[in-house]
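S.K.: For reference, the structure I am asking about is given below.
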Amino acid sequence: MQNNNGKQVEIGKSLHEARVAKGMSIDDIQKITKIQKHYLEAIEQGNFAELPGDFYVRAFIKQFADTVGVNGIELLNEHDDSLPDTQSEEYADEVSKDDVNTRVASRSREQRKDSFRKVIPTIGIIVAILVVVCGIWAVVVHTNSSSQTSISSSSVSVTGSSESSSSSSKKADDKKKDDKKSTEGKTTIKEVSATKYNVTGQKENTVTLKATGRAWSSIMADNNTLFQGSQNSGDKKDVKLPANTKSVNISLGNTQGAKILVNGTELKYDKNTPLTTQITLEFSK
């Protein structure tokens, strides 16, 4: 990071004045950006050395600026010489990883689309064959069922009918119990939007962060911070959520370098997003 404290203080002062003009507090900015309060305070004071690394300085400043109504891109360009060098080894390594991952992901999506287009005719033929087979099977079953019903109706007594009804009822109850047991204890994750998910099925929940590269992250449960910090590739952090947690906000400083698991189930979020992103989990039983 370049040693230009005067200009860093100038950046922090302009963001402070913009925040005050908006009538917003540091806590308001934290809730919106999910950036921890002491990092926001360090930016306003021009003390960029307190941030988790050179790689995050520009990203955090831009989020802060956009939130208080300042054009983040223009602010970064205006003070470019006082901010970390975008050609530094750390920054270049991270951006190169992102570019490669993005290109690979794009090619994979196109290949999947081409493969799907090629198999559509085959799928149509298979579906048509299945429809015909099912139709024939239904006719045969209906015919056999009618014959057996005609024969058995003349010999079945009232007592026999009662026992059969009781047996059918018991089987139905047993099936309901089995279905209920099979669904209990399973975590279901439903995507609401690109950054918001509904989670159901567990009374106690654990969020796990796995780092596949250098990544900064934080976890807030109902606006209370449970974890924040940097992770290196291979690091794993399990965060047990308090009972009756309703909402969890996860901030990622490098979406390509992190995996999120909820009760052991991986969250399939879009990793082709900006380097920093926020993900919201809404919990219900």
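How things are named: the first chain in the structure tokens is A, the next is B, and so on; residues count from 1 in each chain; ligands count from 1 in the order shown.
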Got a sec: who's within 10 Å of Lys7 of chain A, counting only C-alpha atoms, leaving out chain neighbours fewer than 6 positions off, as a list in words?

M.R.: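 What passes the distance filter is Lys13, Gly46, His79, Asp80, Asp81, Ser82 and Leu83 of chain A.
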
S.K.: Neighbouring residues of Ile219 of chain A were defined as those with any atom within 9 Å, considering only C-alpha atoms; residues of the same chain fewer than 4 positions away were excluded. Please report them as an MDAnalysis selection string.

M.R.: chainID A and resid 207 224:228 239 248:251

S.K.: Suppose we keep N, CA and C atoms; can you now write the selection as a CSV table (one decimal), in the first residue's frame?

M.R.:
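Saved file again.csv follows:
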```
chain,number,residue,atom,x,y,z
A,207,VAL,N,-23.5,-23.1,10.3
A,207,VAL,CA,-23.0,-22.6,9.0
A,207,VAL,C,-21.5,-22.9,9.0
A,224,ASN,N,-26.1,-9.9,15.0
A,224,ASN,CA,-25.1,-10.1,16.0
A,224,ASN,C,-23.9,-10.8,15.3
A,225,THR,N,-22.7,-10.3,15.4
A,225,THR,CA,-21.5,-10.9,14.8
A,225,THR,C,-21.1,-12.1,15.5
A,226,LEU,N,-21.0,-13.3,14.7
A,226,LEU,CA,-20.6,-14.5,15.3
A,226,LEU,C,-19.2,-14.9,14.8
A,227,PHE,N,-18.8,-14.4,13.6
A,227,PHE,CA,-17.4,-14.6,13.1
A,227,PHE,C,-17.0,-13.6,12.1
A,228,GLN,N,-15.8,-13.2,12.1
A,228,GLN,CA,-15.2,-12.4,11.0
A,228,GLN,C,-13.7,-12.6,11.0
A,239,VAL,N,-19.6,-22.5,12.4
A,239,VAL,CA,-20.3,-21.5,13.3
A,239,VAL,C,-21.7,-22.0,13.7
A,248,VAL,N,-29.6,-14.8,8.9
A,248,VAL,CA,-28.1,-14.8,8.9
A,248,VAL,C,-27.6,-14.1,7.7
A,249,ASN,N,-26.7,-13.2,7.9
A,249,ASN,CA,-26.0,-12.4,6.8
A,249,ASN,C,-24.6,-12.9,6.7
A,250,ILE,N,-24.2,-13.3,5.5
A,250,ILE,CA,-22.8,-13.8,5.3
A,250,ILE,C,-22.2,-12.8,4.3
A,251,SER,N,-21.0,-12.2,4.7
A,251,SER,CA,-20.3,-11.3,3.8
A,251,SER,C,-19.1,-12.1,3.3
```

S.K.: Could you state the separation of atom CA of Asn198 of chain A and atom CA of Lys240 of chain A in Å, given to one decimal place?

M.R.: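 Atom-to-atom, atom CA of Asn198 of chain A to atom CA of Lys240 of chain A, that is 17.5 Å.
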
S.K.: Quote the spacing between atom CA of Phe55 of chain A and atom CA of Leu209 of chain A in Å to one decimal place.

M.R.: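 Taking atom CA of Phe55 of chain A as the start and atom CA of Leu209 of chain A as the end point, the length is 19.8 Å.
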
S.K.: Atom CA of Lys196 of chain A and atom CA of Asn263 of chain A, how far apart in Å?

M.R.: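 Pair atom CA of Asn263 of chain A / atom CA of Lys196 of chain A returns 16.9 Å.
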
S.K.: Mind running segment 20-48 of chain A against segment 213-217 of chain A at 12 Å and telling me each contacting residue's nearest atom pair with the distance in Å (one decimal), counting only C-alpha atoms, chain and number ascending, as JSON lines?

M.R.:
```
{"residue": "A:Lys34", "atom": "CA", "partner": "A:Ser217", "partner_atom": "CA", "distance": 9.9}
{"residue": "A:Ile35", "atom": "CA", "partner": "A:Ser217", "partner_atom": "CA", "distance": 9.4}
{"residue": "A:Gln36", "atom": "CA", "partner": "A:Ser217", "partner_atom": "CA", "distance": 10.0}
```

S.K.: Excluding segment 71-74 of chain A and residues on its chain fewer than 5 positions from it, collect all residues at most 8 Å away from it, counting only C-alpha atoms, and give them as a ChimeraX atom specification.

M.R.: /A:61-66

S.K.: Keeping only all heavy atoms, write the selected residues to a file as a tab-separated table (two decimals), in the first residue's frame.

M.R.:
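Written out: out00.tsv:
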```tsv
chain	number	residue	atom	x	y	z
A	61	ILE	N	-13.97	0.59	0.01
A	61	ILE	CA	-14.18	2.02	-0.22
A	61	ILE	C	-15.32	2.23	-1.22
A	61	ILE	O	-16.19	3.09	-1.04
A	61	ILE	CB	-12.89	2.69	-0.71
A	61	ILE	CG1	-11.87	2.76	0.42
A	61	ILE	CG2	-13.16	4.10	-1.25
A	61	ILE	CD1	-10.52	3.30	0.02
A	62	LYS	N	-15.35	1.43	-2.29
A	62	LYS	CA	-16.40	1.59	-3.30
A	62	LYS	C	-17.77	1.29	-2.71
A	62	LYS	O	-18.75	2.01	-2.96
A	62	LYS	CB	-16.14	0.67	-4.49
A	62	LYS	CG	-17.17	0.85	-5.61
A	62	LYS	CD	-16.88	-0.06	-6.78
A	62	LYS	CE	-17.90	0.20	-7.90
A	62	LYS	NZ	-19.28	-0.01	-7.48
A	63	GLN	N	-17.89	0.22	-1.90
A	63	GLN	CA	-19.17	-0.10	-1.27
A	63	GLN	C	-19.63	1.03	-0.35
A	63	GLN	O	-20.79	1.42	-0.35
A	63	GLN	CB	-19.06	-1.40	-0.48
A	63	GLN	CG	-19.06	-2.66	-1.35
A	63	GLN	CD	-19.08	-3.91	-0.48
A	63	GLN	OE1	-18.04	-4.44	-0.10
A	63	GLN	NE2	-20.27	-4.36	-0.16
A	64	PHE	N	-18.70	1.55	0.45
A	64	PHE	CA	-18.99	2.66	1.36
A	64	PHE	C	-19.49	3.85	0.56
A	64	PHE	O	-20.55	4.45	0.87
A	64	PHE	CB	-17.71	3.02	2.14
A	64	PHE	CG	-17.95	3.88	3.36
A	64	PHE	CD1	-17.20	3.69	4.52
A	64	PHE	CD2	-18.91	4.90	3.38
A	64	PHE	CE1	-17.39	4.46	5.65
A	64	PHE	CE2	-19.12	5.67	4.50
A	64	PHE	CZ	-18.36	5.47	5.63
A	65	ALA	N	-18.74	4.22	-0.50
A	65	ALA	CA	-19.08	5.40	-1.29
A	65	ALA	C	-20.45	5.26	-1.95
A	65	ALA	O	-21.29	6.17	-1.88
A	65	ALA	CB	-18.01	5.64	-2.36
A	66	ASP	N	-20.70	4.13	-2.58
A	66	ASP	CA	-21.99	3.94	-3.27
A	66	ASP	C	-23.15	4.00	-2.27
A	66	ASP	O	-24.24	4.47	-2.62
A	66	ASP	CB	-22.00	2.59	-3.99
A	66	ASP	CG	-21.05	2.56	-5.17
A	66	ASP	OD1	-20.68	3.65	-5.65
A	66	ASP	OD2	-20.68	1.46	-5.61
```
